[in-house]
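Reproduced below: protein-v3.pdb, with PDB, C-alpha atoms.
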ATOM      1  CA  MET A  11      58.090   3.945 109.851
ATOM      2  CA  THR A  12      61.741   3.303 108.975
ATOM      3  CA  ALA A  13      61.902   6.507 106.901
ATOM      4  CA  LEU A  14      60.525   8.535 109.818
ATOM      5  CA  LEU A  15      63.054   7.034 112.225
ATOM      6  CA  THR A  16      65.870   7.639 109.736
ATOM      7  CA  GLY A  17      64.798  11.265 109.387
ATOM      8  CA  LEU A  18      64.674  11.810 113.142
ATOM      9  CA  VAL A  19      68.066  10.198 113.711
ATOM     10  CA  SER A  20      69.515  12.292 110.872
ATOM     11  CA  LEU A  21      68.204  15.486 112.488
ATOM     12  CA  LEU A  22      69.695  14.483 115.844
ATOM     13  CA  VAL A  23      73.101  13.715 114.333
ATOM     14  CA  PHE A  24      73.061  16.919 112.276
ATOM     15  CA  GLY A  25      72.095  18.874 115.407
ATOM     16  CA  ALA A  26      74.971  17.316 117.357
ATOM     17  CA  VAL A  27      77.458  18.273 114.627
ATOM     18  CA  ILE A  28      76.116  21.842 114.619
ATOM     19  CA  LEU A  29      76.324  22.030 118.419
ATOM     20  CA  VAL A  30      79.958  20.877 118.480
ATOM     21  CA  HIS A  31      80.855  23.269 115.641
ATOM     22  CA  GLU A  32      79.258  26.287 117.340
ATOM     23  CA  LEU A  33      80.792  25.348 120.691
ATOM     24  CA  GLY A  34      84.167  25.631 118.942
ATOM     25  CA  HIS A  35      83.386  29.210 117.899
ATOM     26  CA  PHE A  36      82.124  29.983 121.413
ATOM     27  CA  TRP A  37      85.161  28.484 123.154
ATOM     28  CA  VAL A  38      87.682  30.328 120.957
ATOM     29  CA  ALA A  39      85.823  33.642 121.346
ATOM     30  CA  LYS A  40      85.799  33.294 125.128
ATOM     31  CA  LYS A  41      89.458  32.194 125.144
ATOM     32  CA  VAL A  42      90.611  35.328 123.302
ATOM     33  CA  GLY A  43      88.341  37.663 125.305
ATOM     34  CA  ILE A  44      85.551  38.403 122.817
ATOM     35  CA  PHE A  45      82.120  39.110 124.346
ATOM     36  CA  VAL A  46      79.552  36.563 123.079
ATOM     37  CA  GLN A  47      76.079  38.127 123.131
ATOM     38  CA  GLU A  48      74.152  35.000 122.092
ATOM     39  CA  PHE A  49      74.895  31.322 121.529
ATOM     40  CA  SER A  50      72.159  29.616 119.520
ATOM     41  CA  VAL A  51      71.455  26.159 118.173
ATOM     42  CA  GLY A  52      69.000  26.334 115.304
ATOM     43  CA  MET A  53      67.772  29.301 113.306
ATOM     44  CA  GLY A  54      64.486  31.103 112.869
ATOM     45  CA  PRO A  55      61.854  31.670 115.556
ATOM     46  CA  LEU A  56      62.955  31.451 119.171
ATOM     47  CA  ILE A  57      61.728  28.424 121.156
ATOM     48  CA  PHE A  58      63.626  28.917 124.414
ATOM     49  CA  SER A  59      66.315  31.206 125.768
ATOM     50  CA  LYS A  60      68.105  31.690 129.070
ATOM     51  CA  GLN A  61      70.539  34.372 130.155
ATOM     52  CA  ILE A  62      73.531  32.933 132.021
ATOM     53  CA  GLY A  63      76.161  35.470 132.952
ATOM     54  CA  GLU A  64      76.784  37.793 130.026
ATOM     55  CA  THR A  65      75.603  35.367 127.321
ATOM     56  CA  GLU A  66      72.087  34.456 126.199
ATOM     57  CA  TYR A  67      71.741  30.773 125.252
ATOM     58  CA  SER A  68      68.896  29.949 122.872
ATOM     59  CA  LEU A  69      67.201  27.120 121.018
ATOM     60  CA  ARG A  70      65.493  28.008 117.756
ATOM     61  CA  ALA A  71      62.879  26.272 115.605
ATOM     62  CA  LEU A  72      64.802  25.305 112.467
ATOM     63  CA  PRO A  73      67.595  22.779 113.113
ATOM     64  CA  LEU A  74      69.523  23.895 110.033
ATOM     65  CA  GLY A  75      72.383  25.707 111.693
ATOM     66  CA  GLY A  76      73.362  27.797 114.641
ATOM     67  CA  PHE A  77      75.349  30.874 115.524
ATOM     68  CA  CYS A  78      77.413  32.762 118.059
ATOM     69  CA  ARG A  79      76.610  36.467 117.990
ATOM     70  CA  MET A  80      79.772  38.231 119.088
ATOM     71  CA  GLN A  81      80.406  41.843 119.932
ATOM     72  CA  GLY A  82      81.439  43.886 116.907
ATOM     73  CA  GLU A  83      79.884  41.622 114.251
ATOM     74  CA  THR A  84      76.914  43.851 113.439
ATOM     75  CA  GLY A  85      78.880  47.009 112.790
ATOM     76  CA  ASP A  86      76.694  48.925 115.289
ATOM     77  CA  GLU A  87      79.282  48.736 118.063
TER
END

Let me see whether you can do it: turn the structure in this file into structure tokens.
Amino acid sequence: MTALLTGLVSLLVFGAVILVHELGHFWVAKKVGIFVQEFSVGMGPLIFSKQIGETEYSLRALPLGGFCRMQGETGDE
């Protein structure tokens, strides 16, 4: 039981660190006028997403990272 609790707490702490890190990318992009297409916590399959303003906010299945998809990153624009 202790190992399970330790694992869950570790995932929560790791998720919080990822969230703060990605919020830093998001904040700087917005501050300098870069269009952020998607802000995501987690990677892999989509669990939930919501469009607010010009940005889509999403939660994904694997809590191993996150990302801010910004305009011009893919090379298609």

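Candidate residues A:Gly43, A:Pro73, A:Met11, A:Glu66 were compared for distance to A:Ile28, and the nearest is A:Pro73, using only C-alpha atoms.
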
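Here atom CA of A:Phe77 is placed at a distance of 6.3 Å from atom CA of A:Glu32.
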
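Atom CA of A:Gln61 is found 22.7 Å from atom CA of A:Leu74.
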
Give me the result of the PyMOL selection byres ((chain A and resi 69) around 8) on this file, residue by residue, as a PyMOL selection string.
-> chain A and resi 50-52+56-59+67-68+70-71

Put those residues in a file: C-alpha atoms, as a short mmCIF file (atom, residue, chain, number, x, y, z; two decimals), keeping the file's coordinate frame.
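Final file, again-v6.cif:
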data_model
loop_
_atom_site.label_atom_id
_atom_site.label_comp_id
_atom_site.auth_asym_id
_atom_site.auth_seq_id
_atom_site.Cartn_x
_atom_site.Cartn_y
_atom_site.Cartn_z
CA SER A 50 72.16 29.62 119.52
CA VAL A 51 71.46 26.16 118.17
CA GLY A 52 69.00 26.33 115.30
CA LEU A 56 62.96 31.45 119.17
CA ILE A 57 61.73 28.42 121.16
CA PHE A 58 63.63 28.92 124.41
CA SER A 59 66.32 31.21 125.77
CA TYR A 67 71.74 30.77 125.25
CA SER A 68 68.90 29.95 122.87
CA ARG A 70 65.49 28.01 117.76
CA ALA A 71 62.88 26.27 115.60
#

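What separates atom CA of A:His35 from atom CA of A:Leu22 is a distance of 20.2 Å.
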
Taking all atoms of stretch 49-67 of chain A that the file lists and extending 8 Å past them on each side, where is the centre of the axis-aligned box and how long are its edges? Answer in Å to one decimal, as JSON.
{"center_x": 69.3, "center_y": 32.0, "center_z": 122.9, "size_x": 31.1, "size_y": 27.6, "size_z": 36.1}

Using the chain letters and residue numbers of this document, give as a PyMOL selection string the residues selected by the PyMOL selection byres ((chain A and resi 78) around 6).
-> chain A and resi 48-49+77+79

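Of the residues listed (A:Thr65, A:Lys41, A:Leu33, A:Gly75), A:Gly75 shows the shortest atom-to-atom separation from A:Met53; distances use all atoms listed in the file.
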
Evaluate the PyMOL selection byres ((chain A and resi 81) around 10) and report residues as JSON, numbers by chain | {"A": [39, 44, 45, 46, 47, 48, 78, 79, 80, 82, 83, 84, 85, 86, 87]}

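With distances taken over all atoms listed in the file, A:Leu29 is the one residue among A:Leu29, A:Trp37, A:Pro55, A:Ile62 lying closest to A:Gly76.
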
Any chance you could model N, CA, C and O atoms for stretch 40-51 of chain A and send them as an mmCIF file, keeping the file's coordinate frame?
data_model
loop_
_atom_site.group_PDB
_atom_site.id
_atom_site.type_symbol
_atom_site.label_atom_id
_atom_site.label_comp_id
_atom_site.auth_asym_id
_atom_site.auth_seq_id
_atom_site.Cartn_x
_atom_site.Cartn_y
_atom_site.Cartn_z
ATOM 1 N N LYS A 40 85.595 33.080 123.694
ATOM 2 C CA LYS A 40 85.799 33.294 125.128
ATOM 3 C C LYS A 40 87.289 33.264 125.485
ATOM 4 O O LYS A 40 87.759 34.045 126.302
ATOM 5 N N LYS A 41 88.028 32.359 124.858
ATOM 6 C CA LYS A 41 89.458 32.194 125.144
ATOM 7 C C LYS A 41 90.255 33.459 124.804
ATOM 8 O O LYS A 41 91.201 33.802 125.506
ATOM 9 N N VAL A 42 89.875 34.136 123.717
ATOM 10 C CA VAL A 42 90.611 35.328 123.302
ATOM 11 C C VAL A 42 89.973 36.622 123.824
ATOM 12 O O VAL A 42 90.408 37.711 123.492
ATOM 13 N N GLY A 43 88.915 36.500 124.650
ATOM 14 C CA GLY A 43 88.341 37.663 125.305
ATOM 15 C C GLY A 43 87.262 38.406 124.541
ATOM 16 O O GLY A 43 87.003 39.573 124.820
ATOM 17 N N ILE A 44 86.634 37.766 123.568
ATOM 18 C CA ILE A 44 85.551 38.403 122.817
ATOM 19 C C ILE A 44 84.229 38.156 123.542
ATOM 20 O O ILE A 44 83.928 37.034 123.935
ATOM 21 N N PHE A 45 83.430 39.198 123.703
ATOM 22 C CA PHE A 45 82.120 39.110 124.346
ATOM 23 C C PHE A 45 81.136 38.413 123.411
ATOM 24 O O PHE A 45 80.927 38.839 122.286
ATOM 25 N N VAL A 46 80.551 37.299 123.859
ATOM 26 C CA VAL A 46 79.552 36.563 123.079
ATOM 27 C C VAL A 46 78.175 36.966 123.595
ATOM 28 O O VAL A 46 77.817 36.682 124.729
ATOM 29 N N GLN A 47 77.405 37.659 122.744
ATOM 30 C CA GLN A 47 76.079 38.127 123.131
ATOM 31 C C GLN A 47 75.074 36.988 123.174
ATOM 32 O O GLN A 47 74.245 36.917 124.071
ATOM 33 N N GLU A 48 75.117 36.098 122.162
ATOM 34 C CA GLU A 48 74.152 35.000 122.092
ATOM 35 C C GLU A 48 74.798 33.762 121.474
ATOM 36 O O GLU A 48 75.528 33.854 120.497
ATOM 37 N N PHE A 49 74.499 32.625 122.067
ATOM 38 C CA PHE A 49 74.895 31.322 121.529
ATOM 39 C C PHE A 49 73.603 30.593 121.201
ATOM 40 O O PHE A 49 72.760 30.391 122.067
ATOM 41 N N SER A 50 73.421 30.221 119.936
ATOM 42 C CA SER A 50 72.159 29.616 119.520
ATOM 43 C C SER A 50 72.382 28.344 118.720
ATOM 44 O O SER A 50 73.281 28.270 117.888
ATOM 45 N N VAL A 51 71.520 27.362 118.992
ATOM 46 C CA VAL A 51 71.455 26.159 118.173
ATOM 47 C C VAL A 51 70.127 26.242 117.434
ATOM 48 O O VAL A 51 69.078 26.410 118.048
#
